[in-house]
>>> print(open('input_14.cif').read())   # mmCIF, C-alpha atoms and all ligand atoms
data_target
#
loop_
_atom_site.label_atom_id
_atom_site.label_comp_id
_atom_site.auth_asym_id
_atom_site.auth_seq_id
_atom_site.Cartn_x
_atom_site.Cartn_y
_atom_site.Cartn_z
CA MET G 1 97.23 78.33 87.13
CA THR G 2 100.25 76.49 88.55
CA TRP G 3 100.63 75.53 92.18
CA ALA G 4 103.72 74.24 93.92
CA VAL G 5 103.97 71.34 96.36
CA VAL G 6 106.95 71.45 98.72
CA PRO G 7 107.64 68.27 100.70
CA ALA G 8 109.11 69.44 104.03
CA ALA G 9 108.22 66.54 106.29
CA GLY G 10 111.68 64.94 106.39
CA ARG G 11 113.60 64.61 109.61
CA GLY G 12 116.97 65.12 107.95
CA SER G 13 118.49 62.16 109.77
CA ARG G 14 121.62 62.28 107.56
CA PHE G 15 122.17 65.85 108.68
CA GLY G 16 122.01 65.16 112.43
CA GLY G 17 121.25 67.85 115.00
CA GLU G 18 118.12 68.73 116.95
CA ARG G 19 116.33 70.94 114.45
CA PRO G 20 115.09 69.44 111.18
CA LYS G 21 117.43 70.75 108.49
CA GLN G 22 114.71 72.73 106.66
CA TYR G 23 114.58 75.04 109.69
CA LEU G 24 118.30 75.77 109.82
CA SER G 25 119.15 79.35 109.12
CA LEU G 26 121.29 80.60 106.28
CA ALA G 27 121.71 84.19 105.12
CA GLY G 28 119.04 85.33 107.60
CA ARG G 29 116.26 82.95 106.51
CA THR G 30 115.50 79.29 107.07
CA LEU G 31 116.27 76.83 104.30
CA LEU G 32 112.52 76.30 103.89
CA GLU G 33 111.79 80.02 103.51
CA HIS G 34 114.45 80.34 100.78
CA SER G 35 112.96 77.35 98.94
CA LEU G 36 109.37 78.63 99.23
CA ARG G 37 110.27 82.15 98.13
CA ALA G 38 112.24 80.73 95.18
CA VAL G 39 109.26 78.81 93.78
CA LEU G 40 106.77 81.58 94.51
CA SER G 41 108.93 84.19 92.79
CA HIS G 42 107.67 83.25 89.30
CA ASP G 43 104.53 85.04 88.11
CA ASP G 44 102.96 81.77 86.89
CA VAL G 45 103.05 80.23 90.38
CA ASP G 46 99.85 80.99 92.26
CA GLY G 47 100.49 79.42 95.65
CA VAL G 48 102.23 76.64 97.53
CA MET G 49 101.16 73.58 99.55
CA VAL G 50 103.77 72.59 102.14
CA ALA G 51 103.74 69.02 103.52
CA LEU G 52 104.86 69.08 107.16
CA SER G 53 105.72 66.37 109.66
CA PRO G 54 102.94 65.70 112.22
CA ASP G 55 105.36 66.62 115.01
CA ASP G 56 106.74 69.76 113.38
CA ARG G 57 107.25 72.38 116.10
CA ASP G 58 109.08 74.94 114.01
CA TRP G 59 106.58 75.87 111.30
CA PRO G 60 106.14 79.65 111.63
CA GLY G 61 102.47 79.60 110.60
CA TRP G 62 102.76 81.51 107.33
CA ARG G 63 99.47 81.99 105.49
CA ASP G 64 101.10 83.86 102.64
CA LEU G 65 104.53 84.76 101.33
CA GLY G 66 105.15 87.50 98.82
CA GLY G 67 101.38 88.01 98.56
CA LYS G 68 100.68 84.39 97.52
CA PRO G 69 98.83 81.78 99.60
CA VAL G 70 100.78 79.23 101.64
CA LEU G 71 98.75 76.17 102.69
CA THR G 72 99.91 73.19 104.74
CA CYS G 73 99.08 69.53 105.07
CA ILE G 74 100.54 66.57 106.96
CA GLY G 75 103.20 64.62 105.05
CA GLY G 76 103.94 60.91 105.21
CA ALA G 77 106.64 58.37 106.02
CA GLU G 78 108.57 58.77 102.74
CA ARG G 79 109.08 61.73 100.43
CA ALA G 80 106.64 60.25 97.88
CA ASP G 81 103.93 59.95 100.59
CA SER G 82 104.44 63.62 101.46
CA VAL G 83 104.22 64.72 97.81
CA LEU G 84 101.06 62.67 97.33
CA ALA G 85 99.52 64.17 100.48
CA GLY G 86 100.35 67.63 99.12
CA LEU G 87 98.76 66.90 95.74
CA GLN G 88 95.60 65.57 97.39
CA ALA G 89 95.34 68.59 99.69
CA LEU G 90 95.57 71.17 96.88
CA PRO G 91 92.49 73.39 96.51
CA GLY G 92 89.67 71.97 94.40
CA THR G 93 90.12 74.90 92.01
CA VAL G 94 93.39 73.29 90.82
CA SER G 95 92.04 70.94 88.15
CA GLU G 96 93.46 67.53 87.19
CA ASP G 97 94.96 69.03 84.03
CA GLN G 98 96.78 71.86 85.74
CA TRP G 99 100.53 71.85 86.19
CA VAL G 100 102.06 71.36 89.63
CA LEU G 101 105.67 72.08 90.51
CA VAL G 102 107.24 69.83 93.14
CA HIS G 103 110.27 71.33 94.87
CA ASP G 104 112.33 69.98 97.80
CA ALA G 105 112.39 72.13 100.94
CA ALA G 106 116.07 71.28 101.11
CA ARG G 107 116.99 73.06 97.82
CA PRO G 108 117.22 76.75 98.75
CA CYS G 109 119.44 77.86 95.82
CA LEU G 110 116.98 77.43 92.94
CA ARG G 111 117.63 80.14 90.33
CA ALA G 112 114.79 82.16 88.86
CA LEU G 113 116.06 81.53 85.31
CA ASP G 114 116.08 77.75 85.80
CA LEU G 115 112.54 77.85 87.16
CA ALA G 116 111.41 80.01 84.22
CA ARG G 117 112.97 77.60 81.69
CA LEU G 118 111.44 74.56 83.39
CA LEU G 119 107.98 76.16 83.27
CA THR G 120 108.30 77.16 79.62
CA VAL G 121 109.60 73.79 78.44
CA GLY G 122 107.46 71.67 80.78
CA GLN G 123 104.16 73.37 80.01
CA ALA G 124 104.75 72.75 76.30
CA ASP G 125 105.55 69.06 76.85
CA PRO G 126 102.94 66.28 76.71
CA VAL G 127 104.41 64.56 79.81
CA GLY G 128 106.15 67.24 81.89
CA ALA G 129 109.74 68.04 82.81
CA LEU G 130 112.36 68.15 85.51
CA LEU G 131 115.49 70.16 86.16
CA ALA G 132 118.55 67.93 85.92
CA ALA G 133 122.31 68.14 85.47
CA PRO G 134 124.49 65.88 83.31
CA VAL G 135 126.83 63.60 85.28
CA ARG G 136 130.39 64.94 84.98
CA ASP G 137 132.35 62.69 87.36
CA THR G 138 133.70 59.25 86.47
CA LEU G 139 131.36 56.69 88.01
CA LYS G 140 132.66 53.68 89.94
CA ARG G 141 130.80 50.52 90.90
CA ALA G 142 131.96 49.27 94.31
CA ASP G 143 132.23 45.67 95.42
CA ARG G 144 130.85 44.61 98.79
CA VAL G 145 133.96 45.68 100.69
CA GLY G 146 134.13 49.13 99.13
CA ARG G 147 136.78 48.55 96.45
CA SER G 148 136.37 49.89 92.95
CA GLN G 149 135.26 47.00 90.77
CA SER G 150 134.44 48.71 87.48
CA THR G 151 133.79 52.02 85.75
CA GLU G 152 130.31 52.83 84.54
CA PRO G 153 129.80 54.80 81.31
CA ARG G 154 128.41 58.21 82.17
CA ASP G 155 127.04 59.02 78.72
CA TRP G 156 123.33 59.76 78.90
CA LEU G 157 123.35 59.92 82.70
CA TRP G 158 121.80 62.91 84.48
CA ARG G 159 121.29 63.83 88.13
CA ALA G 160 117.67 64.64 88.89
CA LEU G 161 117.08 67.97 90.65
CA THR G 162 113.88 69.76 91.61
CA PRO G 163 111.54 71.42 90.77
CA GLN G 164 109.77 68.86 88.64
CA LEU G 165 106.63 69.79 86.70
CA PHE G 166 103.71 67.45 86.02
CA ARG G 167 99.94 67.65 85.70
CA ARG G 168 98.12 67.24 88.99
CA GLY G 169 96.02 64.23 87.92
CA GLY G 170 98.75 62.34 86.06
CA LEU G 171 101.27 62.72 88.86
CA THR G 172 98.76 61.75 91.54
CA ARG G 173 97.87 58.56 89.68
CA ALA G 174 101.55 57.73 89.00
CA LEU G 175 102.51 58.14 92.68
CA GLU G 176 99.48 56.12 93.83
CA ALA G 177 100.40 53.31 91.42
CA ALA G 178 104.00 53.24 92.67
CA LEU G 179 102.91 53.14 96.31
CA ARG G 180 100.40 50.37 95.58
CA ALA G 181 103.17 48.37 93.87
CA GLY G 182 105.48 48.91 96.87
CA VAL G 183 108.03 50.76 94.71
CA ARG G 184 109.96 53.42 96.62
CA VAL G 185 110.08 56.28 94.12
CA THR G 186 112.65 58.93 94.99
CA ASP G 187 111.35 61.60 92.63
CA GLU G 188 108.25 62.42 90.60
CA ALA G 189 109.86 61.60 87.24
CA MET G 190 110.53 58.04 88.45
CA ALA G 191 106.83 57.55 89.13
CA MET G 192 106.01 58.73 85.58
CA GLU G 193 108.76 56.59 83.99
CA ARG G 194 107.25 53.47 85.60
CA LEU G 195 104.18 54.09 83.45
CA GLY G 196 106.28 54.27 80.28
CA LEU G 197 106.28 58.07 80.11
CA LYS G 198 109.43 60.07 79.36
CA PRO G 199 109.65 63.44 81.11
CA CYS G 200 111.76 66.11 79.44
CA LEU G 201 115.19 66.77 81.03
CA VAL G 202 115.80 70.51 81.36
CA GLU G 203 119.41 71.31 82.14
CA GLY G 204 119.63 73.30 85.38
CA SER G 205 122.45 74.89 87.35
CA GLU G 206 124.75 72.57 89.27
CA ASP G 207 124.45 74.88 92.26
CA ASN G 208 120.80 73.98 92.87
CA ILE G 209 122.15 71.68 95.58
CA LYS G 210 120.19 69.58 98.05
CA VAL G 211 121.37 70.39 101.55
CA THR G 212 122.09 67.00 103.10
CA THR G 213 125.13 67.50 105.34
CA PRO G 214 126.51 70.42 107.42
CA ALA G 215 129.11 71.05 104.67
CA ASP G 216 126.26 71.56 102.18
CA LEU G 217 124.83 74.28 104.42
CA ALA G 218 128.05 76.31 104.20
CA LEU G 219 128.13 75.79 100.43
CA ALA G 220 124.48 76.89 100.09
CA GLU G 221 125.27 80.04 102.08
CA PHE G 222 128.11 80.82 99.69
CA ILE G 223 125.94 80.18 96.61
CA LEU G 224 123.19 82.47 97.91
CA ALA G 225 125.70 85.22 98.71
CA GLN G 226 127.15 84.96 95.18
CA ALA G 227 123.68 85.12 93.65
CA ARG G 228 122.93 88.30 95.57
CA ALA G 229 126.22 90.00 94.72
O1 LIG I 1 115.69 63.33 102.85
P1 LIG I 1 115.81 64.11 101.56
O2 LIG I 1 116.77 65.25 101.68
O3 LIG I 1 116.01 63.28 100.35
O4 LIG I 1 114.38 64.77 101.37
C1 LIG I 1 114.05 65.55 100.25
C2 LIG I 1 112.84 66.38 100.58
O5 LIG I 1 111.73 65.54 100.90
C3 LIG I 1 113.06 67.29 101.80
O6 LIG I 1 112.52 68.55 101.50
C4 LIG I 1 112.31 66.56 102.91
O7 LIG I 1 111.80 67.43 103.92
C5 LIG I 1 111.18 65.91 102.15
N1 LIG I 1 110.61 64.72 102.81
C6 LIG I 1 109.26 64.70 103.14
N2 LIG I 1 108.71 63.61 103.77
C7 LIG I 1 109.49 62.57 104.10
C8 LIG I 1 110.87 62.55 103.76
C9 LIG I 1 111.40 63.66 103.10
O8 LIG I 1 108.54 65.67 102.87
N3 LIG I 1 108.93 61.54 104.75
#
>>> encode(input="input_14.cif", output="structure tokens", more="lines below")
Ligand code: C5P
Amino acid sequence: MTWAVVPAAGRGSRFGGERPKQYLSLAGRTLLEHSLRAVLSHDDVDGVMVALSPDDRDWPGWRDLGGKPVLTCIGGAERADSVLAGLQALPGTVSEDQWVLVHDAARPCLRALDLARLLTVGQADPVGALLAAPVRDTLKRADRVGRSQSTEPRDWLWRALTPQLFRRGGLTRALEAALRAGVRVTDEAMAMERLGLKPCLVEGSEDNIKVTTPADLALAEFILAQARA
């Protein structure tokens, strides 16, 4: 039994606009609906817990999608708080040892094959796994006035994507420890790494983008249209 937790409590302040970005429409569905359907599409995924903002006025009240249960809880101030709230709100039937997928509401272009590979590799790993993409650009370190000061080696560097797959109990404890220590973890793998654990990097498609700006929305629409064609 694998459940998914989808943090969707962000305000999308970098995006601007009145509606939170997860409720913007692309290809006839909201960003959030694309992301939820993508994680629920795999047979191993039994249901999803969505963490919403306390002042969310756009949630359409789904109780199920594609025949699988959709539950909601209230998220927190940071992404990690929302993920933790989602983990804590999962049904009691999801044991500490069971795997949980965490997927951003803002990543609507997740491919079924990437999800399948993550589940296969992650479930066979003692720690867990995340989708990621190797860094391909040349990396520059800026000085304080925005001039290029040096070039960073990109060997061994990856960009973390979602979903990420960890056991419910281990991830809950790792996120709680990070929050207690005042460390702002930006993904689940970072919380595990702090405890000396090394999640497995599973190479995923570059087009599993996080929609952050209006330009990303147009790109996501194009990617989804290509995937359908
Ligand atoms: O802001 P960013 O795009 O990095 O957020 C990534 C994901 O985390 C989004 O799906 C967003 O809704 C979610 N989030 C959240 N709670 C927060 C901040 C972000 O659930 N407090």
>>> residues_near_ligand(input="input_14.cif", ligand="ligand LIG 1 (chain I)", cutoff="7 Å", atoms="only C-alpha atoms and all ligand atoms", output="MDAnalysis selection string")
chainID G and resid 6:12 22 51:52 75:79 81:83 104:106 210:212
>>> write_last_selection(input="input_14.cif", atoms="C-alpha atoms", output="short mmCIF file (atom, residue, chain, number, x, y, z; two decimals), keeping the file's coordinate frame")
data_model
loop_
_atom_site.label_atom_id
_atom_site.label_comp_id
_atom_site.auth_asym_id
_atom_site.auth_seq_id
_atom_site.Cartn_x
_atom_site.Cartn_y
_atom_site.Cartn_z
CA VAL G 6 106.95 71.45 98.72
CA PRO G 7 107.64 68.27 100.70
CA ALA G 8 109.11 69.44 104.03
CA ALA G 9 108.22 66.54 106.29
CA GLY G 10 111.68 64.94 106.39
CA ARG G 11 113.60 64.61 109.61
CA GLY G 12 116.97 65.12 107.95
CA GLN G 22 114.71 72.73 106.66
CA ALA G 51 103.74 69.02 103.52
CA LEU G 52 104.86 69.08 107.16
CA GLY G 75 103.20 64.62 105.05
CA GLY G 76 103.94 60.91 105.21
CA ALA G 77 106.64 58.37 106.02
CA GLU G 78 108.57 58.77 102.74
CA ARG G 79 109.08 61.73 100.43
CA ASP G 81 103.93 59.95 100.59
CA SER G 82 104.44 63.62 101.46
CA VAL G 83 104.22 64.72 97.81
CA ASP G 104 112.33 69.98 97.80
CA ALA G 105 112.39 72.13 100.94
CA ALA G 106 116.07 71.28 101.11
CA LYS G 210 120.19 69.58 98.05
CA VAL G 211 121.37 70.39 101.55
CA THR G 212 122.09 67.00 103.10
#
>>> closest_residue(input="input_14.cif", among="G:Asn208, G:Ser95, G:Thr72, G:Ser148", to="G:Thr162", atoms="all atoms listed in the file")
G:Asn208
>>> closest_residue(input="input_14.cif", among="G:Asp58, G:Glu176, G:Asp207, G:Asp143", to="G:Leu87", atoms="all atoms listed in the file")
G:Glu176
>>> closest_residue(input="input_14.cif", among="G:Asp125, G:Ala133, G:Met192, G:Ala80", to="G:Leu179", atoms="all atoms listed in the file")
G:Ala80
>>> closest_residue(input="input_14.cif", among="G:Leu161, G:Val185, G:Ala174, G:Val5", to="G:Leu101", atoms="all atoms listed in the file")
G:Val5
>>> residues_around(input="input_14.cif", residues="G:Thr138", least_positions_apart="6", cutoff="9 Å", atoms="only C-alpha atoms", output="list in words")
Thr151, Glu152, Pro153 and Arg154 of chain G
>>> write_last_selection(input="input_14.cif", atoms="C-alpha atoms", output="PDB file, in the coordinates of the input")
ATOM      1  CA  THR G 151     133.790  52.020  85.750  1.00  0.00           C
ATOM      2  CA  GLU G 152     130.310  52.830  84.540  1.00  0.00           C
ATOM      3  CA  PRO G 153     129.800  54.800  81.310  1.00  0.00           C
ATOM      4  CA  ARG G 154     128.410  58.210  82.170  1.00  0.00           C
TER       5      ARG G 154
END
>>> build_atoms(input="input_14.cif", residues="stretch 140-157 of chain G", atoms="N, CA and C atoms", output="JSON list (two decimals), in the frame of the given file")
[["chain", "number", "residue", "atom", "x", "y", "z"],
["G", 140, "LYS", "N", 132.09, 54.97, 89.54],
["G", 140, "LYS", "CA", 132.66, 53.68, 89.94],
["G", 140, "LYS", "C", 131.61, 52.78, 90.55],
["G", 141, "ARG", "N", 131.66, 51.49, 90.21],
["G", 141, "ARG", "CA", 130.80, 50.52, 90.90],
["G", 141, "ARG", "C", 131.64, 49.82, 91.96],
["G", 142, "ALA", "N", 131.18, 49.86, 93.21],
["G", 142, "ALA", "CA", 131.96, 49.27, 94.31],
["G", 142, "ALA", "C", 131.62, 47.80, 94.48],
["G", 143, "ASP", "N", 132.58, 47.04, 95.00],
["G", 143, "ASP", "CA", 132.23, 45.67, 95.42],
["G", 143, "ASP", "C", 131.73, 45.75, 96.86],
["G", 144, "ARG", "N", 131.48, 44.59, 97.47],
["G", 144, "ARG", "CA", 130.85, 44.61, 98.79],
["G", 144, "ARG", "C", 131.77, 45.12, 99.89],
["G", 145, "VAL", "N", 133.07, 45.18, 99.64],
["G", 145, "VAL", "CA", 133.96, 45.68, 100.69],
["G", 145, "VAL", "C", 134.47, 47.09, 100.35],
["G", 146, "GLY", "N", 133.81, 47.73, 99.39],
["G", 146, "GLY", "CA", 134.13, 49.13, 99.13],
["G", 146, "GLY", "C", 135.34, 49.34, 98.24],
["G", 147, "ARG", "N", 135.69, 48.35, 97.42],
["G", 147, "ARG", "CA", 136.78, 48.55, 96.45],
["G", 147, "ARG", "C", 136.17, 48.79, 95.08],
["G", 148, "SER", "N", 136.90, 49.53, 94.26],
["G", 148, "SER", "CA", 136.37, 49.89, 92.95],
["G", 148, "SER", "C", 136.48, 48.70, 92.01],
["G", 149, "GLN", "N", 135.31, 48.23, 91.56],
["G", 149, "GLN", "CA", 135.26, 47.00, 90.77],
["G", 149, "GLN", "C", 135.24, 47.29, 89.27],
["G", 150, "SER", "N", 134.54, 48.38, 88.90],
["G", 150, "SER", "CA", 134.44, 48.71, 87.48],
["G", 150, "SER", "C", 134.05, 50.17, 87.32],
["G", 151, "THR", "N", 134.14, 50.63, 86.06],
["G", 151, "THR", "CA", 133.79, 52.02, 85.75],
["G", 151, "THR", "C", 132.55, 52.02, 84.87],
["G", 152, "GLU", "N", 131.58, 52.78, 85.27],
["G", 152, "GLU", "CA", 130.31, 52.83, 84.54],
["G", 152, "GLU", "C", 130.35, 53.95, 83.50],
["G", 153, "PRO", "N", 129.86, 53.70, 82.29],
["G", 153, "PRO", "CA", 129.80, 54.80, 81.31],
["G", 153, "PRO", "C", 128.85, 55.89, 81.80],
["G", 154, "ARG", "N", 129.27, 57.14, 81.67],
["G", 154, "ARG", "CA", 128.41, 58.21, 82.17],
["G", 154, "ARG", "C", 127.60, 58.89, 81.06],
["G", 155, "ASP", "N", 127.82, 58.43, 79.81],
["G", 155, "ASP", "CA", 127.04, 59.02, 78.72],
["G", 155, "ASP", "C", 125.55, 58.82, 79.01],
["G", 156, "TRP", "N", 124.78, 59.80, 78.75],
["G", 156, "TRP", "CA", 123.33, 59.76, 78.90],
["G", 156, "TRP", "C", 122.86, 59.74, 80.35],
["G", 157, "LEU", "N", 123.79, 59.92, 81.30],
["G", 157, "LEU", "CA", 123.35, 59.92, 82.70],
["G", 157, "LEU", "C", 123.19, 61.35, 83.21]]
